[in-house]
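Source file coords16.txt; content: compact mmCIF, C-alpha atoms.
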# COMPACT_ATOMS: atom_id res chain seq x y z
CA MET A 1 115.47 -118.00 137.72
CA GLN A 2 115.63 -118.07 133.97
CA ASN A 3 118.58 -119.97 132.53
CA LEU A 4 119.78 -117.40 130.00
CA SER A 5 122.39 -119.60 128.37
CA ARG A 6 119.73 -122.14 127.41
CA ARG A 7 117.01 -119.72 126.32
CA GLY A 8 118.50 -117.92 123.37
CA VAL A 9 115.04 -117.08 122.07
CA LEU A 10 114.41 -114.69 124.95
CA THR A 11 114.18 -111.05 123.96
CA LEU A 12 116.61 -108.70 125.64
CA GLY A 13 113.75 -107.15 127.59
CA ALA A 14 112.66 -110.53 128.90
CA ALA A 15 116.23 -111.41 129.81
CA LEU A 16 116.43 -108.23 131.87
CA GLY A 17 113.17 -109.04 133.61
CA LEU A 18 111.48 -105.91 132.27
CA ALA A 19 108.08 -105.93 130.67
CA GLY A 20 107.55 -105.99 126.92
CA ALA A 21 110.67 -104.48 125.39
CA ALA A 22 110.88 -106.60 122.26
CA ALA A 23 110.70 -103.60 119.91
CA PRO A 24 111.74 -99.96 120.27
CA ALA A 25 108.99 -97.42 120.81
CA ASN A 26 108.71 -95.02 117.89
CA ALA A 27 107.80 -92.01 120.01
CA TRP A 28 107.19 -91.13 123.62
CA ALA A 29 103.59 -91.89 124.48
CA TRP A 30 103.69 -92.53 128.24
CA SER A 31 100.90 -90.58 129.90
CA SER A 32 101.46 -88.71 133.15
CA ALA A 33 98.20 -90.31 134.31
CA GLY A 34 100.53 -93.05 135.57
CA SER A 35 102.73 -90.56 137.42
CA ILE A 36 102.62 -89.24 140.96
CA ALA A 37 101.34 -85.96 139.48
CA GLY A 38 98.26 -87.86 138.29
CA THR A 39 97.65 -85.59 135.32
CA ASP A 40 96.91 -86.95 131.85
CA THR A 41 99.40 -85.35 129.51
CA VAL A 42 102.14 -86.65 127.22
CA THR A 43 105.38 -84.67 127.44
CA ASP A 44 108.70 -85.75 125.94
CA PRO A 45 111.18 -86.01 128.87
CA TRP A 46 114.13 -85.72 126.47
CA ALA A 47 113.10 -82.12 125.87
CA VAL A 48 113.11 -81.31 129.59
CA TRP A 49 116.26 -80.44 131.56
CA ASP A 50 116.48 -78.46 134.81
CA ASP A 51 115.36 -74.86 134.45
CA ALA A 52 115.86 -74.15 138.16
CA THR A 53 119.48 -75.33 138.26
CA ASP A 54 121.10 -75.03 134.84
CA PRO A 55 121.39 -71.20 134.53
CA LEU A 56 122.68 -70.94 138.09
CA VAL A 57 125.47 -73.48 137.65
CA ALA A 58 126.40 -72.11 134.22
CA SER A 59 126.88 -68.71 135.86
CA LEU A 60 128.98 -70.17 138.68
CA LEU A 61 131.19 -71.96 136.14
CA ASP A 62 131.59 -68.95 133.89
CA ASN A 63 132.51 -66.78 136.88
CA GLY A 64 135.08 -69.25 138.22
CA GLN A 65 133.20 -69.80 141.49
CA ILE A 66 132.93 -73.61 141.45
CA PRO A 67 136.29 -74.37 143.19
CA ALA A 68 135.27 -72.23 146.16
CA VAL A 69 131.84 -73.89 146.21
CA ASN A 70 133.45 -77.35 146.29
CA THR A 71 135.63 -76.27 149.20
CA ALA A 72 132.62 -74.94 151.10
CA PHE A 73 130.68 -78.15 150.38
CA GLN A 74 133.25 -80.21 152.29
CA SER A 75 131.51 -79.30 155.55
CA TRP A 76 128.05 -80.01 154.16
CA VAL A 77 127.62 -83.77 154.56
CA ASN A 78 124.60 -84.70 156.69
CA ASN A 79 121.04 -83.86 155.73
CA GLY A 80 120.73 -81.87 158.95
CA ASP A 81 123.90 -79.82 158.43
CA PRO A 82 123.40 -76.08 157.96
CA LEU A 83 124.19 -74.71 154.52
CA PRO A 84 127.86 -73.73 154.33
CA ALA A 85 128.80 -70.14 154.94
CA GLY A 86 130.40 -68.19 152.15
CA LEU A 87 128.44 -69.66 149.24
CA PRO A 88 127.42 -67.28 146.44
CA GLY A 89 124.12 -65.68 147.38
CA ALA A 90 122.23 -67.12 144.40
CA LEU A 91 123.36 -70.66 145.28
CA THR A 92 122.33 -70.24 148.92
CA THR A 93 118.89 -69.03 147.85
CA TYR A 94 118.56 -71.96 145.45
CA LEU A 95 119.57 -74.52 148.10
CA GLN A 96 117.19 -73.03 150.64
CA ASP A 97 114.42 -73.82 148.17
CA VAL A 98 115.41 -77.35 147.07
CA ASN A 99 117.16 -78.75 150.16
CA ARG A 100 114.05 -80.48 151.49
CA LEU A 101 111.83 -83.46 150.86
CA PRO A 102 108.81 -82.94 148.60
CA SER A 103 105.49 -82.31 150.32
CA TRP A 104 104.24 -85.73 149.21
CA ALA A 105 107.13 -87.65 150.77
CA ASP A 106 105.78 -90.26 153.21
CA PRO A 107 108.03 -90.70 156.28
CA VAL A 108 106.36 -94.03 157.11
CA LYS A 109 107.21 -95.43 153.67
CA LEU A 110 110.73 -94.04 153.82
CA ALA A 111 111.27 -95.72 157.19
CA ALA A 112 109.92 -98.97 155.75
CA ALA A 113 112.27 -98.60 152.77
CA ALA A 114 115.22 -98.29 155.15
CA LYS A 115 114.29 -101.58 156.82
CA PHE A 116 113.77 -103.23 153.45
CA ASN A 117 117.15 -102.04 152.19
CA LYS A 118 118.84 -103.49 155.25
CA ARG A 119 117.13 -106.86 154.78
CA MET A 120 117.88 -106.85 151.04
CA SER A 121 121.41 -105.40 151.28
CA LEU A 122 123.13 -108.56 150.05
CA TYR A 123 121.08 -108.62 146.85
CA LEU A 124 120.93 -104.85 146.37
CA PHE A 125 124.68 -104.33 146.41
CA LEU A 126 125.22 -107.21 144.02
CA LEU A 127 122.52 -106.11 141.59
CA TYR A 128 123.49 -102.44 141.74
CA GLY A 129 127.13 -103.35 141.13
CA LEU A 130 127.14 -106.19 138.60
CA GLY A 131 123.67 -105.54 137.21
CA SER A 132 122.87 -101.84 137.07
CA GLY A 133 126.48 -100.68 137.06
CA ILE A 134 127.36 -102.78 134.03
CA MET A 135 124.03 -102.04 132.35
CA SER A 136 124.93 -98.35 132.47
CA THR A 137 127.77 -99.06 130.05
CA VAL A 138 125.31 -100.25 127.38
CA ILE A 139 123.13 -97.16 127.69
CA PRO A 140 124.83 -95.28 124.82
CA ARG A 141 124.10 -91.74 125.94
CA GLU A 142 125.07 -92.45 129.54
CA ALA A 143 128.28 -94.24 128.56
CA ARG A 144 129.34 -91.41 126.28
CA ASN A 145 128.38 -88.73 128.80
CA VAL A 146 130.42 -90.43 131.51
CA TYR A 147 133.38 -91.21 129.27
CA TYR A 148 133.91 -87.69 127.94
CA SER A 149 133.13 -85.87 131.19
CA ALA A 150 135.79 -85.25 133.83
CA GLY A 151 134.74 -88.37 135.74
CA GLY A 152 135.48 -90.62 132.79
CA ALA A 153 139.20 -89.99 133.17
CA ASP A 154 139.22 -91.39 136.72
CA MET A 155 136.66 -94.15 136.85
CA LYS A 156 137.66 -95.35 140.30
CA SER A 157 136.75 -91.94 141.71
CA ARG A 158 133.67 -91.74 139.46
CA ALA A 159 132.53 -95.19 140.59
CA ALA A 160 133.09 -94.25 144.23
CA LYS A 161 130.77 -91.28 143.80
CA THR A 162 128.19 -93.46 142.08
CA PHE A 163 128.45 -96.00 144.90
CA THR A 164 128.02 -93.12 147.35
CA TYR A 165 124.65 -92.26 145.83
CA GLY A 166 123.47 -95.87 146.06
CA TYR A 167 124.94 -96.35 149.53
CA ASP A 168 123.42 -93.14 150.88
CA LEU A 169 120.02 -94.11 149.45
CA SER A 170 120.24 -97.58 151.00
CA ALA A 171 121.40 -96.42 154.44
CA GLU A 172 119.02 -96.81 157.37
CA ASN A 173 119.12 -93.07 158.05
CA ALA A 174 119.06 -92.03 154.37
CA PHE A 175 116.37 -89.37 154.76
CA LEU A 176 116.95 -88.48 158.42
CA PRO A 177 118.99 -85.49 159.61
CA SER A 178 121.93 -87.81 160.35
CA GLY A 179 121.85 -89.33 156.85
CA HIS A 180 123.49 -88.10 153.65
CA PHE A 181 121.04 -88.74 150.84
CA VAL A 182 119.38 -85.32 150.54
CA THR A 183 122.71 -83.49 150.46
CA THR A 184 124.16 -86.12 148.11
CA SER A 185 121.19 -85.63 145.77
CA ASN A 186 121.57 -81.86 145.78
CA LYS A 187 125.28 -82.11 144.96
CA THR A 188 124.51 -84.64 142.22
CA ARG A 189 121.85 -82.36 140.74
CA LEU A 190 124.34 -79.49 140.65
CA THR A 191 126.91 -81.79 139.06
CA HIS A 192 124.42 -82.78 136.36
CA ALA A 193 123.87 -79.10 135.59
CA ALA A 194 127.62 -78.55 135.30
CA VAL A 195 127.96 -81.47 132.89
CA ARG A 196 125.15 -80.02 130.77
CA HIS A 197 127.11 -76.79 130.49
CA LEU A 198 130.52 -78.39 129.93
CA LEU A 199 130.02 -81.43 127.71
CA PRO A 200 128.68 -79.50 124.69
CA LYS A 201 132.11 -77.82 124.61
CA SER A 202 133.78 -81.20 123.96
CA ALA A 203 134.44 -81.76 120.27
CA LYS A 204 134.85 -85.51 120.78
CA TRP A 205 131.56 -85.78 122.67
CA ARG A 206 129.75 -83.75 120.02
CA SER A 207 131.09 -86.07 117.33
CA VAL A 208 129.41 -89.16 118.87
CA THR A 209 126.32 -87.86 120.66
CA ASP A 210 122.79 -87.74 119.27
CA ASN A 211 121.57 -85.11 121.74
CA PRO A 212 122.96 -81.57 121.95
CA ILE A 213 122.39 -81.23 125.72
CA PRO A 214 123.09 -84.20 128.04
CA ILE A 215 121.24 -85.50 131.11
CA SER A 216 117.64 -84.62 130.34
CA ASN A 217 114.78 -85.83 132.52
CA GLY A 218 114.56 -88.76 130.10
CA ASP A 219 118.18 -89.68 130.70
CA ILE A 220 117.68 -89.63 134.47
CA LEU A 221 114.63 -91.86 134.04
CA ILE A 222 116.79 -94.34 132.11
CA THR A 223 119.14 -94.47 135.10
CA PHE A 224 116.21 -95.04 137.48
CA HIS A 225 114.93 -97.96 135.42
CA SER A 226 118.41 -99.47 135.17
CA LEU A 227 118.52 -99.34 138.97
CA GLY A 228 115.17 -99.41 140.74
CA THR A 229 112.98 -101.08 138.15
CA PHE A 230 115.63 -103.60 137.14
CA VAL A 231 116.38 -104.57 140.74
CA HIS A 232 112.71 -104.85 141.68
CA ARG A 233 112.02 -107.17 138.78
CA LYS A 234 115.09 -109.30 139.54
CA LEU A 235 114.16 -109.72 143.19
CA LYS A 236 110.72 -110.89 142.14
CA SER A 237 112.09 -113.27 139.52
CA TRP A 238 114.43 -114.80 142.12
CA GLY A 239 111.52 -115.45 144.45
CA ILE A 240 112.72 -113.09 147.18
CA ARG A 241 109.98 -112.57 149.76
CA MET A 242 108.62 -109.02 149.56
CA SER A 243 105.35 -107.73 150.98
CA ALA A 244 103.25 -105.27 149.00
CA ALA A 245 104.12 -102.62 151.60
CA GLU A 246 107.85 -103.29 151.13
CA GLU A 247 107.57 -103.04 147.35
CA ALA A 248 105.70 -99.75 147.67
CA ALA A 249 108.28 -98.43 150.12
CA TYR A 250 111.17 -99.37 147.84
CA LEU A 251 109.49 -97.51 144.96
CA HIS A 252 108.76 -94.50 147.17
CA GLN A 253 112.40 -93.94 148.05
CA TRP A 254 113.17 -93.82 144.32
CA GLN A 255 110.26 -91.46 143.70
CA VAL A 256 111.69 -89.06 146.28
CA GLY A 257 115.17 -89.54 144.85
CA LEU A 258 114.03 -88.66 141.33
CA HIS A 259 112.31 -85.54 142.62
CA LEU A 260 115.47 -84.46 144.43
CA LEU A 261 117.42 -84.83 141.17
CA GLY A 262 115.08 -82.41 139.42
CA VAL A 263 112.83 -84.85 137.57
CA ARG A 264 109.34 -83.42 137.13
CA ASP A 265 106.62 -85.19 139.09
CA GLU A 266 104.71 -85.81 135.85
CA PHE A 267 107.46 -88.26 134.81
CA ILE A 268 107.80 -90.13 138.12
CA PRO A 269 105.84 -93.43 138.02
CA ALA A 270 103.21 -93.82 140.73
CA THR A 271 103.28 -97.64 140.78
CA TRP A 272 105.57 -100.46 139.74
CA ALA A 273 103.12 -101.29 136.94
CA ALA A 274 103.49 -97.73 135.64
CA ALA A 275 107.27 -98.00 136.01
CA ASP A 276 107.33 -101.22 133.99
CA ASP A 277 105.25 -99.54 131.30
CA GLN A 278 107.49 -96.49 131.21
CA SER A 279 110.60 -98.66 130.95
CA ASN A 280 109.38 -99.77 127.52
CA TYR A 281 110.18 -96.25 126.33
CA VAL A 282 113.26 -95.31 128.33
CA LEU A 283 115.36 -98.39 128.91
CA THR A 284 115.42 -101.63 126.97
CA PRO A 285 114.78 -100.16 123.49
CA LEU A 286 117.73 -97.81 123.95
CA LEU A 287 120.45 -100.26 125.00
CA GLY A 288 123.40 -100.94 122.76
CA PRO A 289 127.20 -101.20 122.64
CA THR A 290 129.62 -98.31 122.17
CA PRO A 291 133.44 -98.21 122.27
CA GLU A 292 133.18 -95.93 125.29
CA GLY A 293 130.88 -98.33 127.11
CA ILE A 294 133.13 -101.32 126.46
CA ASP A 295 136.05 -99.46 127.97
CA LEU A 296 134.05 -98.36 131.00
CA ALA A 297 132.73 -101.88 131.64
CA ASN A 298 136.25 -103.30 131.75
CA ILE A 299 137.28 -100.62 134.23
CA LEU A 300 134.26 -101.18 136.47
CA LEU A 301 134.73 -104.94 136.54
CA GLY A 302 138.38 -104.38 137.36
CA LEU A 303 137.44 -102.51 140.53
CA VAL A 304 136.05 -105.67 142.10
CA ALA A 305 139.23 -107.53 141.17
CA GLN A 306 141.18 -104.91 143.12
CA VAL A 307 139.11 -105.69 146.21
CA ASP A 308 139.41 -109.48 146.14
CA GLY A 309 142.73 -109.82 144.32
CA GLY A 310 141.09 -111.17 141.17
CA LEU A 311 139.81 -114.34 142.87
CA THR A 312 136.31 -113.89 141.44
CA ARG A 313 137.20 -112.34 138.07
CA GLY A 314 135.63 -115.15 136.03
CA ILE A 315 132.54 -115.47 138.19
CA GLN A 316 131.89 -111.72 138.31
CA ARG A 317 131.88 -111.46 134.50
CA GLU A 318 129.66 -114.50 134.15
CA PHE A 319 127.33 -113.17 136.84
CA ALA A 320 127.03 -109.92 134.89
CA ARG A 321 126.06 -112.02 131.86
CA TYR A 322 123.68 -114.06 134.01
CA VAL A 323 121.68 -111.09 135.29
CA LEU A 324 121.85 -108.95 132.13
CA SER A 325 121.90 -111.55 129.30
CA ASP A 326 124.63 -113.06 127.17
CA LYS A 327 123.73 -110.58 124.45
CA ILE A 328 124.90 -107.71 126.65
CA GLY A 329 127.94 -109.76 127.69
CA ASP A 330 128.83 -110.21 124.02
CA TRP A 331 128.31 -106.50 123.34
CA LEU A 332 130.84 -105.76 126.09
CA ARG A 333 133.18 -108.54 124.93
CA LEU A 334 133.28 -110.12 128.37
CA PRO A 335 135.50 -113.24 128.31
CA ARG A 336 133.65 -116.49 128.89
CA ASP A 337 134.23 -118.80 131.86
CA PHE A 338 131.86 -121.74 131.41
CA VAL A 339 132.95 -123.40 134.64
CA ALA A 340 131.98 -120.28 136.54
CA ARG A 341 128.73 -120.06 134.57
CA GLY A 342 127.80 -123.62 135.50
CA LEU A 343 128.51 -122.85 139.15
CA ILE A 344 126.28 -119.76 138.99
CA GLU A 345 123.35 -121.45 137.25
CA VAL A 346 123.29 -124.21 139.83
CA GLY A 347 124.70 -122.42 142.83
CA TRP A 348 122.97 -119.05 142.76
CA PRO A 349 119.38 -120.30 143.13
CA ALA A 350 120.62 -122.59 145.92
CA TYR A 351 122.50 -119.68 147.50
CA VAL A 352 119.33 -117.55 147.47
CA ALA A 353 117.28 -120.40 148.96
CA PHE A 354 119.86 -120.86 151.72
CA GLN A 355 120.05 -117.13 152.48
CA GLU A 356 116.25 -116.87 152.54
CA GLY A 357 115.95 -119.79 154.96
CA LEU A 358 114.18 -121.90 152.36
CA SER A 359 116.87 -124.58 152.36
CA PRO A 360 119.10 -125.87 155.18
CA ILE A 361 121.70 -127.09 152.70
CA VAL A 362 124.80 -124.99 152.15
CA PRO A 363 125.12 -124.94 148.33
CA ALA A 364 128.19 -126.11 146.48
CA GLY A 365 130.41 -123.17 145.61
CA PHE A 366 129.00 -121.12 148.48
CA ASP A 367 132.42 -119.70 149.38
CA VAL A 368 133.13 -118.45 145.87
CA ILE A 369 129.72 -116.81 145.48
CA ASP A 370 129.93 -115.35 148.97
CA LYS A 371 133.32 -113.79 148.17
CA LEU A 372 131.82 -112.22 145.05
CA VAL A 373 128.90 -110.77 147.01
CA ARG A 374 131.13 -109.44 149.76
CA GLY A 375 133.59 -107.97 147.26
CA ILE A 376 130.81 -105.95 145.67
CA ALA A 377 129.45 -105.00 149.10
CA MET A 378 132.86 -103.71 150.17
CA LEU A 379 132.88 -101.27 147.29
CA PHE A 380 129.58 -99.90 148.57
CA LEU A 381 130.29 -100.09 152.28
CA ASN A 382 133.64 -98.37 151.82
CA ASN A 383 132.13 -95.97 149.29
CA GLY A 384 134.90 -97.03 146.94
CA THR A 385 137.62 -95.28 148.95
CA SER A 386 136.45 -94.37 152.43
CA ALA A 387 134.55 -95.94 155.29
CA THR A 388 132.74 -92.71 156.01
CA TYR A 389 131.93 -90.49 153.05
CA THR A 390 133.03 -89.85 149.47
CA PRO A 391 132.77 -86.15 148.56
CA ILE A 392 130.89 -85.27 145.40
CA THR A 393 132.54 -82.33 143.68
CA ILE A 394 131.16 -80.23 140.85
CA PRO A 395 133.40 -80.50 137.76
CA THR A 396 134.97 -77.51 136.07
CA GLY A 397 135.99 -79.24 132.84
CA ASN A 398 135.65 -82.33 130.69
CA ARG A 399 137.88 -85.36 130.21
CA PRO A 400 141.38 -84.10 129.33
CA GLY A 401 141.75 -84.00 125.57
CA ALA A 402 138.01 -84.29 124.94

Could you render the structure from this file as structure tokens?
Amino acid sequence: MQNLSRRGVLTLGAALGLAGAAAPANAWAWSSAGSIAGTDTVTDPWAVWDDATDPLVASLLDNGQIPAVNTAFQSWVNNGDPLPAGLPGALTTYLQDVNRLPSWADPVKLAAAAKFNKRMSLYLFLLYGLGSGIMSTVIPREARNVYYSAGGADMKSRAAKTFTYGYDLSAENAFLPSGHFVTTSNKTRLTHAAVRHLLPKSAKWRSVTDNPIPISNGDILITFHSLGTFVHRKLKSWGIRMSAAEEAAYLHQWQVGLHLLGVRDEFIPATWAAADDQSNYVLTPLLGPTPEGIDLANILLGLVAQVDGGLTRGIQREFARYVLSDKIGDWLRLPRDFVARGLIEVGWPAYVAFQEGLSPIVPAGFDVIDKLVRGIAMLFLNNGTSATYTPITIPTGNRPGA
């Protein structure tokens, strides 16, 4: 693993383990020839939202129907559950159309992804939590969207819902009738549409944003690269054993997930090489600090402290620096703990080797690192608040006072 504290000359993109992000791209030029659609066009994803969902949800909000929808959704949890009775007719018709896997979904790959997620769970939860979760706070648009939306006022609940999405995707039965991921994705897609309708009404959000309508296809792609692409590259850089079939399966679950969130197939990378190339446009060039992101990062890191009583506070912040770069740590003003950093730089590679059966020696500091990993895992396994399921509700307003 790269020693970030000793390699200050690394670009941010290299520190994140993503290909070639030393300079921002001037304009979108990623061709859909690298997508699962296999066409050869260049379309700006920041000018694409969700034509199938946005007018519907705007109408439900304007007509005051969302509270009743949220109540009805409480019984709609498993992928195999029937659609709730009593939904507005237009919403039922919409869900009948989208509540299914795409025709190109491969059940063999999805089953392989489930096995891979189980084998990788220790690393996935840690990287999703202290890697991707904290990276989201230095994606300016995402940080501002979250902060000024209703979820930004209750980050513990917001984080629980975010953990739910990652947990449901990583579950062994994610795409089976007994799993939750398809219903979770549909509720998340509807929530995105609500935020698109609501956030532009926030004067404070309008004063800081650079895009008049939030959560475009481009913004969702940023989130994918901060999760799937980032994690894939980190696993490879750590020397975690992955077969080509496992790597393809892990990508495929994200491809299906993006489709379920309303991302056009022409934007969904067909291979990890295409994903790395696309990330040059939609991730590393766009990272940066914001006051909103700094606040959110402190709240998110505090959630782990609530689980383990603060025992790993220093090591969790240094681990976030370790996997994301000290530059991002400085942006977020994360306090330094050089003792913890030294333990991580020596202990984490040894921890990985021990966990992977490559070394019989229990590394020094194993207990501290193990507590950190299990603290993050508990947030996922308990979905933040519950051992069973965290409901995703469609918002009806923005952050109070926004």

* Neighbours of stretch 87-103 of chain A within 9 Å (all atoms listed in the file; same-chain residues fewer than 6 positions away dropped), as a list in words? ->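 The filter keeps Ala52, Thr53, Leu56, Val57, Leu60, Gln65, Ala68, Val69, Ala72, Phe73, Asn79, Phe175, Val182, Thr183, Asn186, Val256, His259 and Leu260 of chain A.
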
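As for atom CA of A:Asn211 and atom CA of A:Ile139, they are spaced 13.5 Å apart.
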
* Measure the distance from atom CA of A:Leu334 to atom CA of A:Met135 in Å and round it to one decimal. => 12.9 Å

* Residue among A:Ala112, A:Pro349, A:Val368, A:Val48 lying closest to A:Gln316, counting only C-alpha atoms ->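 Closest to A:Gln316, using only C-alpha atoms: A:Val368.
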
* Asked: Could you pull the residues within 12 Å of A:Gly228, counting all atoms listed in the file, minus those fewer than 2 positions along the same chain, as a PyMOL selection string?
  -> chain A and resi 18+117+124+127-128+131-133+166+169-170+220-226+230-235+247-255+257-258+269+272+275-276+279+283

* **Distance of atom CA of A:Asp277 from atom CA of A:Val146, expressed in Å to one decimal place** => 26.8 Å

Each stretch 230-315 of chain A residue no farther than 10 Å from stretch 35-42 of chain A, nearest pair in Å, all atoms listed in the file, as a tab-separated table:
residue	atom	partner	partner_atom	distance
A:Gln255	CA	A:Ile36	CA	8.4
A:Arg264	CA	A:Ala37	CA	8.7
A:Asp265	CA	A:Ala37	CA	5.4
A:Glu266	CA	A:Ala37	CA	5.0
A:Phe267	CA	A:Ser35	CA	5.9
A:Ile268	CA	A:Ser35	CA	5.1
A:Pro269	CA	A:Ser35	CA	4.3
A:Ala270	CA	A:Ile36	CA	4.6
A:Thr271	CA	A:Ser35	CA	7.9
A:Ala274	CA	A:Ser35	CA	7.4
A:Ala275	CA	A:Ser35	CA	8.8
A:Gln278	CA	A:Ser35	CA	9.8

* Asked: Contacts of A:Val339 at 10 Å or less, counting all atoms listed in the file, minus same-chain residues fewer than 6 places along, as a list in words?
  ->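 Residues near the query, excluding close chain neighbours: Gly314, Ile315 and Glu318 of chain A.
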
Save out the residues we just selected, C-alpha atoms, as a short mmCIF file (atom, residue, chain, number, x, y, z; two decimals), in the coordinates of the input.
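Final output, again_36.cif:
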data_model
loop_
_atom_site.label_atom_id
_atom_site.label_comp_id
_atom_site.auth_asym_id
_atom_site.auth_seq_id
_atom_site.Cartn_x
_atom_site.Cartn_y
_atom_site.Cartn_z
CA GLY A 314 135.63 -115.15 136.03
CA ILE A 315 132.54 -115.47 138.19
CA GLU A 318 129.66 -114.50 134.15
#

* What residues have an atom no more than 10 Å from (125.4, -121.5, 141.5) in the file's own frame, counting all atoms listed in the file, and can you write them as a VMD selection string? -> chain A and resid 315 319 340 to 352 363 to 366 368 to 369

Around all the atoms of stretch 131-135 of chain A listed in the file, with 5 Å of room on each side, what axis-aligned box do you get, giving centre and edge lengths in Å to one decimal, as JSON?
{"center_x": 125.1, "center_y": -103.1, "center_z": 134.8, "size_x": 14.5, "size_y": 14.9, "size_z": 14.9}

* For the point (121.4, -77.7, 130.6) in file coordinates, what residues are within 6 Å, counting all atoms listed in the file? Give the answer as a ChimeraX atom specification? -> /A:49,54,193,196-197

* Can you pull out every residue within 8 Å of A:Leu332, counting all atoms listed in the file, but drop anything in the same chain fewer than 2 positions away, and send it as a PyMOL selection string? => chain A and resi 138+289+293-294+297+328-330+334
